$ cat work-v2.cif   # mmCIF, C-alpha atoms (C1' of nucleotides)
data_model
#
loop_
_atom_site.label_atom_id
_atom_site.label_comp_id
_atom_site.auth_asym_id
_atom_site.auth_seq_id
_atom_site.Cartn_x
_atom_site.Cartn_y
_atom_site.Cartn_z
CA MET A 188 0.00 0.00 0.00
CA GLY A 189 1.29 3.45 -0.93
CA SER A 190 1.13 6.45 1.34
CA ILE A 191 -1.56 9.11 0.97
CA ASP A 192 1.16 11.70 1.50
CA SER A 193 3.22 10.51 -1.45
CA ALA A 194 3.14 12.48 -4.68
CA MET A 195 0.93 9.90 -6.37
CA GLY A 196 -1.43 9.66 -3.41
CA ALA A 197 -1.87 13.44 -3.44
CA THR A 198 -2.38 13.43 -7.19
CA MET A 199 -5.18 10.90 -6.83
CA LEU A 200 -6.88 12.85 -4.04
CA LYS A 201 -6.69 15.97 -6.18
CA ALA A 202 -8.17 14.00 -9.08
CA ALA A 203 -10.99 12.72 -6.90
CA GLU A 204 -11.91 16.25 -5.86
CA ASP A 205 -11.89 17.51 -9.45
CA ILE A 206 -14.07 14.62 -10.60
CA LEU A 207 -16.54 15.07 -7.75
CA ARG A 208 -16.88 18.78 -8.47
CA ASP A 209 -17.05 18.53 -12.27
CA GLU A 210 -18.82 15.22 -12.87
CA GLY A 211 -20.49 14.17 -9.62
CA TYR A 212 -20.02 11.19 -7.33
CA ALA A 213 -21.36 8.67 -9.83
CA ALA A 214 -18.30 9.46 -11.97
CA LEU A 215 -15.85 9.06 -9.10
CA THR A 216 -14.54 5.64 -10.13
CA SER A 217 -11.12 4.03 -9.93
CA ARG A 218 -10.88 4.12 -13.74
CA ARG A 219 -11.70 7.82 -13.92
CA VAL A 220 -9.21 8.67 -11.16
CA SER A 221 -6.49 6.70 -12.90
CA GLU A 222 -7.15 8.58 -16.16
CA TYR A 223 -6.79 11.91 -14.37
CA ALA A 224 -3.55 10.74 -12.76
CA GLY A 225 -2.21 9.30 -16.03
CA VAL A 226 -1.73 5.81 -14.63
CA LYS A 227 -3.51 2.46 -14.83
CA GLN A 228 -6.60 1.59 -12.84
CA ARG A 229 -4.86 -1.03 -10.74
CA LEU A 230 -2.66 1.60 -9.12
CA VAL A 231 -5.60 3.33 -7.43
CA TYR A 232 -6.04 0.19 -5.30
CA TYR A 233 -2.39 0.32 -4.35
CA TYR A 234 -2.96 3.70 -2.68
CA PHE A 235 -6.54 3.20 -1.46
CA ALA A 236 -7.95 -0.11 -0.27
CA THR A 237 -11.46 0.77 -1.46
CA MET A 238 -13.15 3.64 -3.25
CA ASP A 239 -14.83 4.51 0.05
CA ASP A 240 -11.43 5.17 1.57
CA LEU A 241 -10.58 7.46 -1.31
CA ILE A 242 -13.78 9.44 -0.84
CA ILE A 243 -13.27 9.83 2.91
CA GLU A 244 -9.63 10.84 2.54
CA SER A 245 -10.68 13.29 -0.12
CA PHE A 246 -13.10 14.97 2.26
CA ARG A 247 -10.60 14.95 5.10
CA ARG A 248 -8.14 16.79 2.87
CA LEU A 249 -10.79 19.40 2.05
CA ALA A 250 -11.82 19.78 5.71
CA VAL A 251 -8.25 20.34 6.90
CA ARG A 252 -7.73 22.96 4.23
CA GLU A 253 -10.99 24.80 5.00
CA LEU A 254 -10.47 24.78 8.77
CA GLU A 255 -6.97 26.16 8.23
CA ARG A 256 -8.35 28.89 5.99
CA LEU A 257 -11.02 29.71 8.55
CA ARG A 258 -8.56 29.99 11.42
CA THR A 259 -6.09 32.19 9.58
CA SER A 260 -8.67 34.41 7.90
CA ILE A 261 -10.07 35.66 11.20
CA SER A 262 -8.36 38.88 12.21
CA SER A 263 -8.89 40.48 15.60
CA ASN A 264 -10.25 43.70 14.09
CA HIS A 265 -13.19 42.50 11.96
CA PRO A 266 -13.94 38.85 12.81
CA LEU A 267 -17.58 39.04 11.66
CA HIS A 268 -16.63 40.41 8.26
CA ASP A 269 -13.83 37.85 8.01
CA ILE A 270 -16.11 34.90 8.80
CA TRP A 271 -18.67 36.10 6.28
CA ASP A 272 -16.05 36.54 3.56
CA MET A 273 -14.67 33.12 4.35
CA CYS A 274 -18.14 31.50 4.16
CA MET A 275 -18.84 33.21 0.85
CA ASN A 276 -15.49 32.12 -0.58
CA THR A 277 -15.46 28.57 0.64
CA ALA A 278 -15.22 25.33 -1.31
CA ASP A 279 -17.17 25.16 -4.58
CA SER A 280 -20.85 24.64 -3.84
CA ARG A 281 -21.09 21.83 -6.39
CA LEU A 282 -18.36 19.94 -4.53
CA VAL A 283 -20.12 20.59 -1.23
CA ALA A 284 -23.38 19.29 -2.71
CA GLU A 285 -21.72 16.01 -3.67
CA PHE A 286 -20.18 15.46 -0.24
CA MET A 287 -23.48 16.33 1.44
CA ALA A 288 -25.37 13.80 -0.66
CA LEU A 289 -22.70 11.14 -0.07
CA ALA A 290 -22.58 11.78 3.68
CA ASN A 291 -26.22 10.77 4.05
CA ARG A 292 -25.36 7.25 2.99
CA ASN A 293 -21.70 6.70 3.88
CA GLU A 294 -21.19 6.19 7.60
CA GLY A 295 -17.47 6.93 7.60
CA LEU A 296 -17.90 10.12 5.62
CA ARG A 297 -20.82 11.14 7.81
CA GLN A 298 -18.62 11.08 10.90
CA GLU A 299 -16.01 13.23 9.16
CA VAL A 300 -18.63 15.75 8.04
CA ILE A 301 -20.08 15.97 11.56
CA LYS A 302 -16.60 16.64 12.96
CA PHE A 303 -16.01 19.32 10.35
CA ILE A 304 -19.31 21.14 10.94
CA GLU A 305 -18.88 21.15 14.71
CA GLU A 306 -15.26 22.22 14.59
CA SER A 307 -15.85 25.08 12.18
CA ARG A 308 -18.84 26.24 14.21
CA ASP A 309 -16.69 26.23 17.33
CA ILE A 310 -14.06 28.36 15.62
CA GLN A 311 -16.69 30.81 14.42
CA ILE A 312 -18.27 31.07 17.87
CA SER A 313 -14.93 31.90 19.49
CA ALA A 314 -14.32 34.66 16.96
CA ILE A 315 -17.83 36.08 17.33
CA LYS A 316 -17.57 36.13 21.12
CA LYS A 317 -14.47 38.28 20.85
CA ALA A 318 -16.28 40.62 18.47
CA LEU A 319 -19.19 41.10 20.84
CA ALA A 320 -18.05 43.01 23.89
CA SER A 321 -21.03 41.77 25.86
CA GLY A 322 -20.53 38.19 24.76
CA GLY A 323 -23.82 38.24 22.89
CA SER A 324 -27.24 39.50 23.84
CA LYS A 325 -29.98 37.36 25.31
CA ASP A 326 -31.70 37.25 21.93
CA LEU A 327 -28.72 36.90 19.61
CA LYS A 328 -26.20 34.38 20.81
CA PRO A 329 -22.89 33.73 19.03
CA VAL A 330 -23.93 30.21 18.02
CA ALA A 331 -27.03 31.63 16.31
CA ILE A 332 -24.96 34.18 14.41
CA ALA A 333 -22.56 31.44 13.31
CA PHE A 334 -25.39 29.17 12.19
CA LEU A 335 -27.31 31.86 10.32
CA GLY A 336 -24.18 33.15 8.62
CA SER A 337 -22.98 29.82 7.32
CA SER A 338 -26.49 28.70 6.31
CA VAL A 339 -27.18 31.84 4.32
CA ALA A 340 -23.75 31.92 2.69
CA LEU A 341 -24.10 28.30 1.61
CA ALA A 342 -27.55 28.97 0.15
CA LEU A 343 -26.31 32.05 -1.73
CA ASN A 344 -23.45 30.05 -3.25
CA ARG A 345 -25.66 27.10 -4.12
CA GLU A 346 -28.25 29.22 -5.88
CA ALA A 347 -25.65 31.33 -7.65
CA ALA A 348 -24.08 28.15 -9.05
CA LEU A 349 -27.51 27.15 -10.40
CA GLY A 350 -28.12 30.57 -11.90
CA VAL A 351 -30.62 31.96 -9.39
CA THR A 352 -29.96 35.46 -8.03
CA MET A 353 -33.42 36.47 -6.76
CA GLY A 354 -33.00 38.51 -3.57
CA HIS A 355 -29.27 37.88 -3.33
CA GLN A 356 -28.23 41.53 -3.41
CA THR A 357 -30.80 42.40 -0.76
CA VAL A 358 -29.59 39.62 1.51
CA LYS A 359 -25.92 40.50 1.04
CA ARG A 360 -26.67 44.14 1.89
CA LEU A 361 -28.54 43.03 4.99
CA ILE A 362 -25.65 40.89 6.20
CA LYS A 363 -23.17 43.66 5.55
CA GLN A 364 -25.28 46.12 7.52
CA PHE A 365 -25.45 43.67 10.38
CA CYS A 366 -21.67 43.19 10.46
CA ASP A 367 -21.07 46.92 10.13
CA GLY A 368 -23.47 47.60 12.98
CA LEU A 369 -21.55 45.32 15.32
CA GLU A 370 -17.97 46.08 14.38
CA GLY A 371 -18.11 49.20 12.19
CA MET B 75 -44.94 5.01 -24.85
CA GLY B 76 -47.05 4.87 -21.70
CA SER B 77 -48.40 7.92 -19.92
CA ILE B 78 -46.78 9.36 -16.83
CA ASP B 79 -50.25 9.75 -15.36
CA SER B 80 -51.06 6.05 -15.64
CA ALA B 81 -50.90 3.88 -12.55
CA MET B 82 -47.63 2.28 -13.65
CA GLY B 83 -46.07 5.65 -14.56
CA ALA B 84 -46.94 6.98 -11.11
CA THR B 85 -45.61 3.82 -9.47
CA MET B 86 -42.28 4.27 -11.23
CA LEU B 87 -42.03 7.94 -10.27
CA LYS B 88 -42.75 7.00 -6.68
CA ALA B 89 -40.08 4.29 -6.90
CA ALA B 90 -37.57 6.77 -8.31
CA GLU B 91 -38.16 9.14 -5.40
CA ASP B 92 -37.78 6.36 -2.82
CA ILE B 93 -34.56 5.15 -4.42
CA LEU B 94 -33.12 8.66 -4.63
CA ARG B 95 -33.88 9.33 -0.98
CA ASP B 96 -32.77 5.97 0.40
CA GLU B 97 -29.89 4.96 -1.88
CA GLY B 98 -28.75 8.05 -3.78
CA TYR B 99 -28.73 8.96 -7.45
CA ALA B 100 -26.04 6.42 -8.33
CA ALA B 101 -28.61 3.72 -7.49
CA LEU B 102 -31.37 5.28 -9.57
CA THR B 103 -31.19 2.80 -12.45
CA SER B 104 -33.84 1.33 -14.68
CA ARG B 105 -33.26 -2.10 -13.13
CA ARG B 106 -33.67 -0.79 -9.60
CA VAL B 107 -36.85 1.08 -10.53
CA SER B 108 -38.30 -2.02 -12.16
CA GLU B 109 -37.60 -4.06 -9.03
CA TYR B 110 -39.45 -1.53 -6.89
CA ALA B 111 -42.37 -1.57 -9.31
CA GLY B 112 -42.37 -5.38 -9.53
CA VAL B 113 -41.95 -5.43 -13.30
CA LYS B 114 -39.16 -6.10 -15.81
CA GLN B 115 -36.50 -3.57 -16.71
CA ARG B 116 -37.69 -3.13 -20.26
CA LEU B 117 -40.95 -1.61 -19.08
CA VAL B 118 -39.21 1.43 -17.59
CA TYR B 119 -38.26 2.45 -21.13
CA TYR B 120 -41.85 2.08 -22.22
CA TYR B 121 -42.83 4.85 -19.78
CA PHE B 122 -39.68 6.98 -19.93
CA ALA B 123 -37.55 7.43 -23.04
CA THR B 124 -34.37 7.88 -21.00
CA MET B 125 -33.38 7.81 -17.36
CA ASP B 126 -32.88 11.57 -17.55
CA ASP B 127 -36.57 11.96 -18.35
CA LEU B 128 -37.45 9.87 -15.34
CA ILE B 129 -35.30 12.01 -13.07
CA ILE B 130 -36.76 15.28 -14.36
CA GLU B 131 -40.36 14.05 -14.12
CA SER B 132 -39.60 12.83 -10.63
CA PHE B 133 -38.51 16.31 -9.57
CA ARG B 134 -41.44 17.96 -11.32
CA ARG B 135 -43.79 15.75 -9.34
CA LEU B 136 -42.07 16.77 -6.11
CA ALA B 137 -42.10 20.46 -7.05
CA VAL B 138 -45.83 20.47 -7.85
CA ARG B 139 -46.58 18.77 -4.55
CA GLU B 140 -44.42 21.16 -2.50
CA LEU B 141 -45.75 24.30 -4.18
CA GLU B 142 -49.27 23.08 -3.52
CA ARG B 143 -48.44 22.44 0.10
CA LEU B 144 -46.86 25.87 0.41
CA ARG B 145 -49.87 27.67 -1.09
CA THR B 146 -52.45 25.89 1.04
CA SER B 147 -50.48 26.01 4.30
CA ILE B 148 -50.36 29.79 4.37
CA SER B 149 -53.24 31.15 6.43
CA SER B 150 -54.10 34.82 6.59
CA ASN B 151 -53.58 34.98 10.35
CA HIS B 152 -50.02 33.73 10.82
CA PRO B 153 -48.29 33.57 7.42
CA LEU B 154 -44.78 33.85 8.88
CA HIS B 155 -45.32 30.95 11.24
CA ASP B 156 -46.94 28.97 8.45
CA ILE B 157 -44.04 29.50 6.06
CA TRP B 158 -41.56 28.54 8.73
CA ASP B 159 -43.48 25.38 9.63
CA MET B 160 -43.74 24.50 5.96
CA CYS B 161 -39.99 25.01 5.40
CA MET B 162 -39.18 22.87 8.44
CA ASN B 163 -41.54 20.11 7.27
CA THR B 164 -40.61 20.06 3.61
CA ALA B 165 -39.29 17.19 1.52
CA ASP B 166 -36.71 14.92 3.15
CA SER B 167 -33.34 16.67 3.21
CA ARG B 168 -31.58 13.59 1.82
CA LEU B 169 -33.84 13.69 -1.21
CA VAL B 170 -33.22 17.42 -1.59
CA ALA B 171 -29.46 16.82 -1.39
CA GLU B 172 -29.65 14.34 -4.28
CA PHE B 173 -31.64 16.68 -6.52
CA MET B 174 -29.31 19.57 -5.67
CA ALA B 175 -26.26 17.56 -6.63
CA LEU B 176 -27.91 16.32 -9.83
CA ALA B 177 -29.09 19.80 -10.83
CA ASN B 178 -25.52 21.05 -11.04
CA ARG B 179 -24.88 18.69 -13.93
CA ASN B 180 -28.22 18.04 -15.61
CA GLU B 181 -29.36 21.00 -17.68
CA GLY B 182 -33.01 19.95 -17.89
CA LEU B 183 -33.25 19.36 -14.15
CA ARG B 184 -31.42 22.63 -13.48
CA GLN B 185 -34.13 24.58 -15.29
CA GLU B 186 -36.85 22.84 -13.27
CA VAL B 187 -35.05 23.55 -10.00
CA ILE B 188 -34.61 27.23 -10.91
CA LYS B 189 -38.32 27.51 -11.69
CA PHE B 190 -39.20 25.85 -8.39
CA ILE B 191 -36.94 28.08 -6.28
CA GLU B 192 -38.19 31.28 -7.90
CA GLU B 193 -41.83 30.26 -7.73
CA SER B 194 -41.72 29.25 -4.07
CA ARG B 195 -39.85 32.44 -3.19
CA ASP B 196 -42.53 34.45 -4.97
CA ILE B 197 -45.27 32.75 -2.98
CA GLN B 198 -43.41 33.34 0.26
CA ILE B 199 -42.85 37.02 -0.55
CA SER B 200 -46.56 37.58 -1.23
CA ALA B 201 -47.46 36.03 2.11
CA ILE B 202 -44.82 37.99 4.00
CA LYS B 203 -45.95 41.27 2.45
CA LYS B 204 -49.45 40.67 3.75
CA ALA B 205 -48.06 39.93 7.21
CA LEU B 206 -46.09 43.15 7.34
CA ALA B 207 -48.47 46.11 7.57
CA SER B 208 -45.80 48.45 6.29
CA GLY B 209 -44.80 46.11 3.47
CA GLY B 210 -41.38 45.64 4.98
CA SER B 211 -38.91 48.05 6.50
CA LYS B 212 -36.00 49.60 4.64
CA ASP B 213 -33.65 47.16 6.33
CA LEU B 214 -35.72 44.00 6.29
CA LYS B 215 -37.44 43.40 2.99
CA PRO B 216 -39.82 40.47 2.40
CA VAL B 217 -37.45 38.84 -0.06
CA ALA B 218 -34.72 38.82 2.59
CA ILE B 219 -37.02 37.25 5.15
CA ALA B 220 -38.02 34.59 2.62
CA PHE B 221 -34.41 33.84 1.73
CA LEU B 222 -33.17 33.70 5.30
CA GLY B 223 -36.06 31.54 6.41
CA SER B 224 -35.71 28.91 3.73
CA SER B 225 -31.90 28.87 3.97
CA VAL B 226 -31.90 28.36 7.71
CA ALA B 227 -34.68 25.77 7.66
CA LEU B 228 -32.87 23.78 4.97
CA ALA B 229 -29.63 23.88 6.94
CA LEU B 230 -31.38 22.78 10.15
CA ASN B 231 -32.95 19.83 8.36
CA ARG B 232 -29.74 18.86 6.60
CA GLU B 233 -27.70 18.87 9.79
CA ALA B 234 -30.40 17.09 11.79
CA ALA B 235 -30.40 14.30 9.19
CA LEU B 236 -26.65 13.96 9.65
CA GLY B 237 -26.93 13.94 13.42
CA VAL B 238 -25.69 17.46 14.19
CA THR B 239 -27.79 19.55 16.59
CA MET B 240 -25.26 22.17 17.75
CA GLY B 241 -27.07 25.49 18.14
CA HIS B 242 -30.32 24.23 16.64
CA GLN B 243 -32.50 24.98 19.66
CA THR B 244 -31.06 28.46 19.93
CA VAL B 245 -31.72 29.17 16.27
CA LYS B 246 -35.26 27.79 16.41
CA ARG B 247 -36.03 29.95 19.43
CA LEU B 248 -34.63 32.98 17.63
CA ILE B 249 -36.81 32.37 14.59
CA LYS B 250 -39.87 31.85 16.73
CA GLN B 251 -39.23 35.10 18.58
CA PHE B 252 -38.89 36.89 15.28
CA CYS B 253 -42.20 35.53 13.97
CA ASP B 254 -43.94 36.21 17.25
CA GLY B 255 -42.65 39.77 17.25
CA LEU B 256 -44.13 40.45 13.84
CA GLU B 257 -47.43 38.63 14.10
CA GLY B 258 -47.90 37.73 17.76
"C1'" DG C 68 5.64 1.07 -7.58
"C1'" DT C 69 3.48 0.03 -11.72
"C1'" DC C 70 1.85 -3.01 -14.92
"C1'" DT C 71 -1.31 -6.81 -17.74
"C1'" DA C 72 -5.07 -9.57 -17.36
"C1'" DT C 73 -9.19 -11.10 -15.57
"C1'" DA C 74 -13.69 -12.38 -12.76
"C1'" DC C 75 -18.08 -11.09 -12.17
"C1'" DA C 76 -21.87 -7.73 -11.63
"C1'" DC C 77 -24.35 -4.03 -13.32
"C1'" DC C 78 -25.37 -0.14 -16.55
"C1'" DG C 79 -28.50 2.19 -20.59
"C1'" DA C 80 -30.71 1.11 -24.40
"C1'" DT C 81 -32.71 -1.66 -28.20
"C1'" DA C 82 -34.96 -5.70 -31.15
"C1'" DG C 83 -38.72 -7.98 -31.44
"C1'" DA C 84 -42.28 -11.82 -29.57
"C1'" DC C 85 -46.77 -12.16 -27.36
"C1'" DG D 240 -48.64 -3.22 -22.07
"C1'" DT D 241 -45.41 -6.47 -20.79
"C1'" DC D 242 -42.17 -9.77 -21.78
"C1'" DT D 243 -37.35 -12.42 -23.17
"C1'" DA D 244 -33.02 -11.72 -24.89
"C1'" DT D 245 -29.13 -9.27 -26.03
"C1'" DC D 246 -25.50 -5.55 -27.28
"C1'" DG D 247 -21.50 -2.89 -25.88
"C1'" DG D 248 -19.82 -0.56 -22.14
"C1'" DT D 249 -18.30 0.28 -17.36
"C1'" DG D 250 -18.02 -0.72 -12.34
"C1'" DT D 251 -15.09 -2.84 -8.03
"C1'" DA D 252 -11.73 -5.65 -6.91
"C1'" DT D 253 -8.09 -9.20 -7.23
"C1'" DA D 254 -4.02 -12.37 -9.02
"C1'" DG D 255 0.24 -12.10 -10.12
"C1'" DA D 256 4.40 -10.51 -13.43
"C1'" DC D 257 8.12 -7.18 -13.65
#
$ encode --input "work-v2.cif" --output "structure tokens"
Amino acid sequence: MGSIDSAMGATMLKAAEDILRDEGYAALTSRRVSEYAGVKQRLVYYYFATMDDLIIESFRRLAVRELERLRTSISSNHPLHDIWDMCMNTADSRLVAEFMALANRNEGLRQEVIKFIEESRDIQISAIKKALASGGSKDLKPVAIAFLGSSVALALNREAALGVTMGHQTVKRLIKQFCDGLEG
Amino acid sequence: MGSIDSAMGATMLKAAEDILRDEGYAALTSRRVSEYAGVKQRLVYYYFATMDDLIIESFRRLAVRELERLRTSISSNHPLHDIWDMCMNTADSRLVAEFMALANRNEGLRQEVIKFIEESRDIQISAIKKALASGGSKDLKPVAIAFLGSSVALALNREAALGVTMGHQTVKRLIKQFCDGLEG
DNA sequence: GTCTATACACCGATAGAC
DNA sequence: GTCTATCGGTGTATAGAC
């Protein structure tokens, strides 16, 4: 078995992500990955025991990258604006859609997705708490701000990818006003 | 070619929806549909020219049903509460995830999904306008309320299906307070 | 580490009998 | 309206040579 951290292992994980985003999970096959990587199909099974392993490792790679981006993008001056920008410029919504669909049926992936959601929400909550001098009002707690922000950003990205823009400008203005109101 | 409105056509559309929700779009094959319907594979192609047609008709059926539910669930007394309840009790989030993923790559389905999103948003906006005596403030327009509501409800359902509940109670309370504040 | 070759199952779609 | 039968293609996964 080859290592995931080897050049070829990384190439295959990159290929898997590209295929998922551009062609969907039904096209994520060992043959398709091997084409992308310019090798023969058999080699995929040298680096990944099963296709399930490849999918899970692929998500793990994405999650690590996104959590890293989230942590470093939060400045101490405008954490709310930073979180919002980060949510709006996150992983491609088509790729997210594939992982979401897969996670409903793949137990291993589901666990990874749960960990990712909870960890990123924790990071966002910490940043929001710092932004709010009072630590959040009785009506608007940090966890609610984090949830609303990421939900709305995801929906905006998803619809934009489909070609729907109805109300998007209004919503973006509203969010910006909200952030401005809390941290100028 | 058989009609979609025939008993067998409806049975196959129902089968397609069940398979999508329970096994994902990779399992939505003519053979699988025929098993569900208790007939032979060949018959699927008597009712649907291609599997793409079956998928699109399947979504259309769902869209018609949901739009109908949305229209009839809105009372004149508590439209905001009604919309929220409807969004929280909409189609299974696993089924939605499959259609969302498919729509990014299937042009015909994409058009149907766009129509559905815009039509349901229109219905929601009309109801919200009636609820707001002023027709919406400068900062909180009906379209923004509609967008935020459906985004957040979808996210709550999606995460609940995965097994994540972090912040859900807080968010639900917040939404309820908001609706109560506007329509008691 | 990468390859050839293969087993076996399933796919969409079609021809044509009843 | 439903069936049997079949085509060519693709899927996961493995055996084993180099």
$ atom_distance --input "work-v2.cif" --atom1 "atom CA of A:Val330" --atom2 "atom CA of A:Gln311"
8.1 Å
$ resolve_selection --input "work-v2.cif" --expression "the PyMOL selection byres ((chain C and resi 85) around 9)" --output "mmCIF file with C-alpha atoms (C1' of nucleotides), in the frame of the given file"
data_model
loop_
_atom_site.group_PDB
_atom_site.id
_atom_site.type_symbol
_atom_site.label_atom_id
_atom_site.label_comp_id
_atom_site.auth_asym_id
_atom_site.auth_seq_id
_atom_site.Cartn_x
_atom_site.Cartn_y
_atom_site.Cartn_z
ATOM 1 C "C1'" DA C 84 -42.280 -11.820 -29.570
ATOM 2 C "C1'" DT D 241 -45.410 -6.470 -20.790
ATOM 3 C "C1'" DC D 242 -42.170 -9.770 -21.780
#
$ residues_around --input "work-v2.cif" --residues "stretch 243-252 of chain D" --least-positions-apart "5" --cutoff "9 Å" --atoms "only C-alpha atoms (C1' of nucleotides)" --output "VMD selection string"
(chain A and resid 216 to 218 232 237 to 238) or (chain C and resid 76 to 78 80 to 82 84)
$ axis_aligned_box --input "work-v2.cif" --around "stretch 151-154 of chain B" --padding-each-side "8 Å" --output "JSON"
{"center_x": -49.2, "center_y": 34.3, "center_z": 9.1, "size_x": 24.8, "size_y": 17.4, "size_z": 19.4}
$ residues_around --input "work-v2.cif" --residues "A:Leu327" --least-positions-apart "5" --cutoff "9 Å" --atoms "only C-alpha atoms (C1' of nucleotides)" --output "list of chain:residue names"
A:Ile332, B:Thr244, B:Val245, B:Leu248
$ resolve_selection --input "work-v2.cif" --expression "the PyMOL selection byres ((chain A and resi 305-308) around 12)" --output "PyMOL selection string"
(chain A and resi 250-258+270+273-274+298-304+309-315+329-338) or (chain B and resi 233+236-242)
$ write_last_selection --input "work-v2.cif" --atoms "C-alpha atoms" --output "PDB file, in the frame of the given file"
ATOM      1  CA  ALA A 250     -11.820  19.780   5.710  1.00  0.00           C
ATOM      2  CA  VAL A 251      -8.250  20.340   6.900  1.00  0.00           C
ATOM      3  CA  ARG A 252      -7.730  22.960   4.230  1.00  0.00           C
ATOM      4  CA  GLU A 253     -10.990  24.800   5.000  1.00  0.00           C
ATOM      5  CA  LEU A 254     -10.470  24.780   8.770  1.00  0.00           C
ATOM      6  CA  GLU A 255      -6.970  26.160   8.230  1.00  0.00           C
ATOM      7  CA  ARG A 256      -8.350  28.890   5.990  1.00  0.00           C
ATOM      8  CA  LEU A 257     -11.020  29.710   8.550  1.00  0.00           C
ATOM      9  CA  ARG A 258      -8.560  29.990  11.420  1.00  0.00           C
ATOM     10  CA  ILE A 270     -16.110  34.900   8.800  1.00  0.00           C
ATOM     11  CA  MET A 273     -14.670  33.120   4.350  1.00  0.00           C
ATOM     12  CA  CYS A 274     -18.140  31.500   4.160  1.00  0.00           C
ATOM     13  CA  GLN A 298     -18.620  11.080  10.900  1.00  0.00           C
ATOM     14  CA  GLU A 299     -16.010  13.230   9.160  1.00  0.00           C
ATOM     15  CA  VAL A 300     -18.630  15.750   8.040  1.00  0.00           C
ATOM     16  CA  ILE A 301     -20.080  15.970  11.560  1.00  0.00           C
ATOM     17  CA  LYS A 302     -16.600  16.640  12.960  1.00  0.00           C
ATOM     18  CA  PHE A 303     -16.010  19.320  10.350  1.00  0.00           C
ATOM     19  CA  ILE A 304     -19.310  21.140  10.940  1.00  0.00           C
ATOM     20  CA  ASP A 309     -16.690  26.230  17.330  1.00  0.00           C
ATOM     21  CA  ILE A 310     -14.060  28.360  15.620  1.00  0.00           C
ATOM     22  CA  GLN A 311     -16.690  30.810  14.420  1.00  0.00           C
ATOM     23  CA  ILE A 312     -18.270  31.070  17.870  1.00  0.00           C
ATOM     24  CA  SER A 313     -14.930  31.900  19.490  1.00  0.00           C
ATOM     25  CA  ALA A 314     -14.320  34.660  16.960  1.00  0.00           C
ATOM     26  CA  ILE A 315     -17.830  36.080  17.330  1.00  0.00           C
ATOM     27  CA  PRO A 329     -22.890  33.730  19.030  1.00  0.00           C
ATOM     28  CA  VAL A 330     -23.930  30.210  18.020  1.00  0.00           C
ATOM     29  CA  ALA A 331     -27.030  31.630  16.310  1.00  0.00           C
ATOM     30  CA  ILE A 332     -24.960  34.180  14.410  1.00  0.00           C
ATOM     31  CA  ALA A 333     -22.560  31.440  13.310  1.00  0.00           C
ATOM     32  CA  PHE A 334     -25.390  29.170  12.190  1.00  0.00           C
ATOM     33  CA  LEU A 335     -27.310  31.860  10.320  1.00  0.00           C
ATOM     34  CA  GLY A 336     -24.180  33.150   8.620  1.00  0.00           C
ATOM     35  CA  SER A 337     -22.980  29.820   7.320  1.00  0.00           C
ATOM     36  CA  SER A 338     -26.490  28.700   6.310  1.00  0.00           C
TER      37      SER A 338
ATOM     38  CA  GLU B 233     -27.700  18.870   9.790  1.00  0.00           C
ATOM     39  CA  LEU B 236     -26.650  13.960   9.650  1.00  0.00           C
ATOM     40  CA  GLY B 237     -26.930  13.940  13.420  1.00  0.00           C
ATOM     41  CA  VAL B 238     -25.690  17.460  14.190  1.00  0.00           C
ATOM     42  CA  THR B 239     -27.790  19.550  16.590  1.00  0.00           C
ATOM     43  CA  MET B 240     -25.260  22.170  17.750  1.00  0.00           C
ATOM     44  CA  GLY B 241     -27.070  25.490  18.140  1.00  0.00           C
ATOM     45  CA  HIS B 242     -30.320  24.230  16.640  1.00  0.00           C
TER      46      HIS B 242
END
